[in-house]
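Colleague: I'd like to ask some things about the structure below.
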Amino acid sequence: MKVLVATDGSELSVTAAHRAFDLLGALTDVTVLAVLTEVPGDDAGGFEGSTESPLEERQSWENETTAAQEAIRATLAEVHGAKVETRLEVGDAGPMIVWVAGQIGADVVVVGSHGRGALKRIVSGSVSEHVVHHSPCPVLVVRHTP
């Protein structure tokens with residue numbers, strides 16, 4: 001079974017991976033994906049471009065990349081006995097997860113959910129909701145339980 005696990009390194013994501021692996025049983029092929037959604041320099045300060053210097057942009061990029069790699073490492077600790085591939089992509093998290101699922105031919109996508117109410121989802125959107133509605137394969141949503 002080819003499983004795509006989307007992670008941001010939060011406790012929710014790591015718990016989702018752990019619970020998914022318990023539910024799905026022995027896995028043979030796992031891809032752990034982190035998506036960089038904040039691209040340094042992408043927030044132009046006006047018509048003249050970014051408000052950060054090139055050095056600040058580079059440092060921001062390194063910080064974002066390091067955080068994403070840590071997210072992948074934290075989630076990998078939950079994977080046992082499977083062939084594992086890691087991916088780091090840049091873009092909007094929901095559409096990127098769906099795109100990677102299609103690209104790798106995933107049998108199932110695993111995402112965590114904060115369990116927000118309908119109003120908060122309408123206002124802020126939901127990555128897990130986007131993935132559920134657009135994924136080319138089944139999606140296992142592991143809900144946060146306080």
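Chain labels A, B, ... are given in the sequence in which chains occur in the structure tokens; within each chain residues are numbered consecutively from 1, and ligands are likewise numbered from 1 in the order shown.
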Once DSSP has gone over the backbone, tell me which residues of region 18-114 of chain A are in strand (DSSP E or B), as a list in words.
Modeller: Asp29, Val30, Thr31, Val32, Leu33, Ala34, Val35, Leu36, Ala44, Ser50, Lys83, Val84, Glu85, Thr86, Arg87, Leu88, Glu89, Val90, Val108, Val109, Val110, Val111, Gly112 and Ser113 of chain A
Colleague: Export N, CA and C atoms of the chosen residues as a compact mmCIF listing (two decimals), in the first residue's frame?
Modeller:
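Output file part_11.txt is given in full below:
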```txt
# COMPACT_ATOMS: atom_id res chain seq x y z
N ASP A 29 5.13 1.13 1.63
CA ASP A 29 5.63 2.27 0.86
C ASP A 29 5.00 3.56 1.39
N VAL A 30 5.82 4.40 2.03
CA VAL A 30 5.33 5.62 2.66
C VAL A 30 6.08 6.82 2.13
N THR A 31 5.34 7.86 1.79
CA THR A 31 5.94 9.15 1.45
C THR A 31 5.50 10.15 2.51
N VAL A 32 6.47 10.80 3.14
CA VAL A 32 6.18 11.82 4.13
C VAL A 32 6.42 13.17 3.46
N LEU A 33 5.41 14.01 3.44
CA LEU A 33 5.43 15.28 2.72
C LEU A 33 5.28 16.45 3.68
N ALA A 34 6.16 17.43 3.54
CA ALA A 34 6.01 18.72 4.21
C ALA A 34 5.92 19.77 3.12
N VAL A 35 5.04 20.74 3.31
CA VAL A 35 4.84 21.78 2.31
C VAL A 35 5.21 23.13 2.92
N LEU A 36 6.13 23.80 2.27
CA LEU A 36 6.49 25.17 2.67
C LEU A 36 5.43 26.10 2.09
N ALA A 44 5.31 41.03 -0.96
CA ALA A 44 5.82 42.30 -1.44
C ALA A 44 5.33 43.45 -0.58
N SER A 50 9.94 43.11 -2.19
CA SER A 50 9.94 42.63 -0.82
C SER A 50 10.44 43.70 0.15
N LYS A 83 9.39 1.14 3.31
CA LYS A 83 10.24 1.95 2.45
C LYS A 83 9.70 3.37 2.54
N VAL A 84 10.57 4.32 2.86
CA VAL A 84 10.11 5.69 3.09
C VAL A 84 10.81 6.66 2.14
N GLU A 85 10.02 7.51 1.55
CA GLU A 85 10.53 8.62 0.74
C GLU A 85 10.08 9.90 1.44
N THR A 86 10.93 10.91 1.44
CA THR A 86 10.54 12.20 2.00
C THR A 86 10.49 13.22 0.88
N ARG A 87 9.55 14.15 1.01
CA ARG A 87 9.40 15.21 0.01
C ARG A 87 9.16 16.53 0.71
N LEU A 88 9.76 17.54 0.15
CA LEU A 88 9.58 18.90 0.61
C LEU A 88 9.16 19.71 -0.61
N GLU A 89 7.96 20.25 -0.58
CA GLU A 89 7.42 21.01 -1.71
C GLU A 89 7.08 22.42 -1.25
N VAL A 90 6.90 23.30 -2.20
CA VAL A 90 6.56 24.69 -1.93
C VAL A 90 5.22 25.00 -2.59
N VAL A 108 -3.69 5.98 -0.35
CA VAL A 108 -4.39 6.70 0.71
C VAL A 108 -3.53 7.88 1.14
N VAL A 109 -4.20 8.97 1.52
CA VAL A 109 -3.54 10.16 2.05
C VAL A 109 -3.92 10.27 3.52
N VAL A 110 -2.93 10.56 4.37
CA VAL A 110 -3.18 10.74 5.80
C VAL A 110 -2.94 12.20 6.15
N VAL A 111 -3.96 12.84 6.74
CA VAL A 111 -3.83 14.22 7.21
C VAL A 111 -4.45 14.34 8.59
N GLY A 112 -3.97 15.29 9.34
CA GLY A 112 -4.55 15.59 10.64
C GLY A 112 -5.58 16.69 10.48
N SER A 113 -6.48 16.79 11.45
CA SER A 113 -7.49 17.84 11.43
C SER A 113 -7.62 18.42 12.83
```
Colleague: Within 10 Å of region 19-23 of chain A, counting only C-alpha atoms, which residues show up once you throw out same-chain ones fewer than 4 positions away? Write them as a list of chain:residue names, please.
Modeller: A:Val3, A:Val5, A:Ser13, A:Val14, A:Thr15, A:Leu27, A:Glu78, A:Val79, A:His80, A:Val109, A:Val110, A:Val111, A:Gly112, A:Leu140, A:Val141, A:Val142
Colleague: Rank A:Leu12, A:Ala67, A:Ala26, A:Val139 by their smallest atom-to-atom distance to Ile97 (chain A), using only C-alpha atoms, and report the top residue only.
Modeller: A:Val139
Colleague: Interatomic distance between CA of His133 (chain A) and CA of Gln103 (chain A)?
Modeller: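 CA of Gln103 (chain A) lies 17.1 Å from CA of His133 (chain A).
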Colleague: Give the answer as one residue: which of A:Ala93, A:Ala16, A:Leu55, A:Leu4 has the shortest atom-to-atom distance to Cys137 (chain A), using only C-alpha atoms?
Modeller: A:Leu4
Colleague: In Å, rounded to a single decimal, give me how far CA of Ala6 (chain A) is from CA of Gln59 (chain A).
Modeller: 24.8 Å
Colleague: Extract, using only C-alpha atoms, all DNA, RNA and protein residues at most 9 Å from Gly94 (chain A), discarding same-chain residues fewer than 5 positions from it, and format them as an MDAnalysis selection string.
Modeller: chainID A and resid 99 126:131 134
Colleague: To one decimal place, how far is CA of Pro54 (chain A) from CA of Ala68 (chain A) in Å?
Modeller: 21.0 Å
